[in-house]
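What follows is one structure encoded as structure tokens, with my remarks underneath.
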Amino acid sequence: MNVNSFSELVEISEKTGVPLDKVVLHWEMLDTGNAPEKIVEEASKLLAIMEEEYESKKGKTFKTLVGLTGTNSKKMLEYLPNTIIGENAFTAATIAITMAESNAAMGKIVACPTAGASGVMPGVLLTLEKLGVERQKLVSGLIVAGAIGKIISKRASLSGAESGCQAEIGSATAMAAGAATHATGGTPTQVANAAALSLKSLMGLVCDPVGGFVEVPCVKRNASGAVIALLFSDIAKAGVESVVPFDEVVDAMGKVGRSMPESLRETGKGGIADTPTAKKIVQDFSNKFKL
Amino acid sequence: MSSILEIIGPSMIGPSSSHTLGAMRISRFAYNLVGSIPQKVIFYLHGSFQDTYIGHGTWLALIAGLCGIKTDEPRVSKANEIAKNLGMEYEFEPIDLGNVHPNTVKIVTYKDNAHHEIIGSSIGAGRIVITSIDSVGCELNGEYPTLLIENEDIPGALSSIIRTISINGTNIARLNLNRASKYLKLASAVIELDNEVPNSTIKSLKMLDVVKSVMYVKPI
Ligand code: SF4
């Protein structure tokens, strides 16, 4: 079963009535020989790590490697009662930032799909869990997210160094939007629309980490990813469609990535990394640790 | 084709799969080669590893691997203290290894009278390639059990080695051959296997006349 497009999986699921996560598990088995129960078990373990890590890290102050971030989880938890954007969205953003700060402080994370973007998926899934979505549904959402990510890695890339941040935070957001849509009862077509709409909204995002380190702007982009994922999951479930189908959006993202100059692909030379403030930070830091 | 589990995971210690996880896997490989914690290790950092070893935590990941710490244990971030408690000395030095991947490290370990040298690159998404072990060129991803054999370069040597390995049902996945010295008639073989080899196989290999030395490295 050589699947190269997400639309094939959606079509099989809608024609046969087999839930999308089961179609993905079947594909996985034919493609890699992994038994469906094993994938479900491993995905459930990854969710458990997200749960445990957030519980033990929330509200903490982190000592990150470069020290550019690390106090935001606490600030945001305290601010929650005053939120304007809404409790759910703000919670997702808070979880995402907490995990991303923990990542920058050498905490344990789930690289879903990468370490830099590791706050997006827990931000979305753990918020749904707080809303009462069953754990087993979250796991099936995670499995659907795996298929979305795998299609992106086949047709484009999941690496900031290759295709910019659209491939990392952008892909994580598309995956999380699909996961949320599936976990909350959206149809396979709605899953594809949620993924397409989120990836479109992050199209062109460059990878410009200050000094090349996964702190600025990476940590805060995780918050925007989580909120965008929930937003487009809602929009897709309302029946709004992406005019351009997901697979074509992925191809477009790949093309945009290939046309990005090297300075905007994780080299720490362009974008936010190329500002006077960023350059000064890097200068001070490297003076301290010259080998 | 890769599994969806590699897309939605793995769990690891941050902040970067190529600078932390990959670095740590190279150093875990070195740990498996030495077979225990060395007394002293020198990490020679090349390219981007040299520029970012502090800001990406690469130095801690490298130390952690050689202390035998697993890739998703939170104590990676305290590897420097752990190394101290275990009595492992470490040093970091810059090096220019020429035209190799920017994220490359040469690890030199010392234990009793033995010393080992490996060169490995972190090539993205936590994947690695080991390109040299004790000066023998190779191309290993660290995912297979591996035998390193130094043997006499005479006709029939290789076939008796392969026979000894397969007799116990071990399957050879890949074979790298190198002529260490034509003058001394010495050659070396780096053999990746599909499954772990029993101790008896390693003993029988050591008993072969053509074999000078055998080392066994477990998968990471
Ligand atoms: S800016 Fe680059 S390093 Fe940071 S999260 Fe985005 S892709 Fe990753």
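Simple scheme: letters A, B, ... for chains in structure tokens order, numbers from 1 for residues in each chain, numbers from 1 for ligands in the order shown.
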- Item | Environment of ligand 1 within 8 Å, counting only C-alpha atoms and all ligand atoms, reported as an MDAnalysis selection string | chainID A and resid 114:117 159:161 164:169 206:209 212:219 221:222 265:266
Could you list, with a cut-off of 6 Å and counting only C-alpha atoms, the residues of chain A near chain B, each shown with its nearest atom pair and the distance in Å rounded to one decimal, rows sorted by chain and ascending number, as JSON lines?
{"residue": "A:Leu65", "atom": "CA", "partner": "B:Gly55", "partner_atom": "CA", "distance": 5.4}
{"residue": "A:Val66", "atom": "CA", "partner": "B:Gly55", "partner_atom": "CA", "distance": 5.5}
{"residue": "A:Asn103", "atom": "CA", "partner": "B:Gly14", "partner_atom": "CA", "distance": 4.5}
{"residue": "A:Ala104", "atom": "CA", "partner": "B:Pro15", "partner_atom": "CA", "distance": 5.0}
{"residue": "A:Met106", "atom": "CA", "partner": "B:Gly14", "partner_atom": "CA", "distance": 4.5}
{"residue": "A:Gly107", "atom": "CA", "partner": "B:Ile13", "partner_atom": "CA", "distance": 5.5}
{"residue": "A:Lys108", "atom": "CA", "partner": "B:Ile13", "partner_atom": "CA", "distance": 4.5}
{"residue": "A:Ile109", "atom": "CA", "partner": "B:Ser11", "partner_atom": "CA", "distance": 5.5}
{"residue": "A:Val110", "atom": "CA", "partner": "B:Ser11", "partner_atom": "CA", "distance": 4.2}
{"residue": "A:Ala111", "atom": "CA", "partner": "B:Gly9", "partner_atom": "CA", "distance": 4.9}
{"residue": "A:Cys112", "atom": "CA", "partner": "B:Ile8", "partner_atom": "CA", "distance": 4.3}
{"residue": "A:Pro113", "atom": "CA", "partner": "B:Ile7", "partner_atom": "CA", "distance": 5.1}
{"residue": "A:Ala115", "atom": "CA", "partner": "B:Ser16", "partner_atom": "CA", "distance": 5.4}
{"residue": "A:Gly146", "atom": "CA", "partner": "B:Ile4", "partner_atom": "CA", "distance": 4.8}
Can I get the selected residues back with N, CA, C and O atoms, as a compact mmCIF listing (two decimals), in the first residue's frame?
# COMPACT_ATOMS: atom_id res chain seq x y z
N LEU A 65 19.29 26.93 28.38
CA LEU A 65 20.72 26.87 28.06
C LEU A 65 21.32 28.24 27.79
O LEU A 65 22.40 28.56 28.26
N VAL A 66 20.60 29.07 27.03
CA VAL A 66 21.15 30.39 26.70
C VAL A 66 20.53 31.45 27.62
O VAL A 66 21.04 32.56 27.73
N ASN A 103 11.88 22.27 27.00
CA ASN A 103 12.77 21.76 25.95
C ASN A 103 14.07 22.56 25.92
O ASN A 103 15.17 22.00 25.85
N ALA A 104 13.94 23.89 26.03
CA ALA A 104 15.13 24.75 25.97
C ALA A 104 15.99 24.59 27.22
O ALA A 104 17.15 24.99 27.25
N MET A 106 16.65 21.60 28.53
CA MET A 106 17.03 20.18 28.52
C MET A 106 16.06 19.30 29.31
O MET A 106 16.47 18.35 29.99
N GLY A 107 14.79 19.63 29.23
CA GLY A 107 13.78 18.76 29.82
C GLY A 107 13.42 17.64 28.85
O GLY A 107 13.84 17.64 27.70
N LYS A 108 12.63 16.69 29.36
CA LYS A 108 12.19 15.58 28.51
C LYS A 108 10.98 16.03 27.71
O LYS A 108 10.05 16.61 28.27
N ILE A 109 11.02 15.79 26.41
CA ILE A 109 9.91 16.22 25.55
C ILE A 109 9.61 15.12 24.53
O ILE A 109 10.35 14.15 24.41
N VAL A 110 8.52 15.29 23.81
CA VAL A 110 8.22 14.40 22.70
C VAL A 110 8.44 15.20 21.41
O VAL A 110 7.80 16.24 21.22
N ALA A 111 9.34 14.75 20.58
CA ALA A 111 9.65 15.46 19.34
C ALA A 111 8.55 15.20 18.33
O ALA A 111 8.63 14.28 17.53
N CYS A 112 7.50 16.00 18.38
CA CYS A 112 6.29 15.74 17.61
C CYS A 112 5.99 16.93 16.70
O CYS A 112 5.19 17.77 17.08
N PRO A 113 6.54 17.08 15.52
CA PRO A 113 7.48 16.13 14.93
C PRO A 113 8.93 16.45 15.24
O PRO A 113 9.80 15.64 14.96
N ALA A 115 11.91 18.65 18.05
CA ALA A 115 12.08 19.16 19.41
C ALA A 115 11.66 20.63 19.47
O ALA A 115 10.99 21.06 20.41
N GLY A 146 0.18 11.50 13.05
CA GLY A 146 1.36 10.81 12.52
C GLY A 146 1.27 10.66 11.01
O GLY A 146 2.26 10.85 10.29
- Task: Just the residues within 12 Å of range 163-174 of chain B, please, counting only C-alpha atoms, with nothing from its chain fewer than 2 positions along; format it as a ChimeraX atom specification.
- Result: /B:138-141,143-147,149,156-161,176-177,189-208,211
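For the atom pair formed by CA of Thr173 in chain A and CA of Ala105 in chain A, the distance is 22.4 Å, given to one decimal.
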- Item | Length of the CA of Ser27 in chain B to CA of Asp112 in chain B vector [Å] | 19.1 Å
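Between Ala172 in chain A and the candidates A:Leu126, A:Met121, A:Ile49, A:Ile39, the tightest atom-to-atom separation, counting only C-alpha atoms, involves A:Met121.
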- Message: Env of Gly211 in chain A: 9 Å cut, atoms = only C-alpha atoms, seq-sep filter 5 positions within chain, self excluded. Answer as a count of residues only.
- Response: 13
- Message: Give me, as a list of chain:residue names, all polymer residues having an atom no more than 8 Å from range 83-94 of chain A, counting only C-alpha atoms and skipping those fewer than 5 positions away in the same chain.
- Response: A:Ser73, A:Met76, A:Leu77, A:Pro122, A:Gly123, A:Val124, A:Leu126, A:Thr127, A:Asn222, A:Ala223, A:Ser224, A:Ala226, A:Val227, A:Leu230
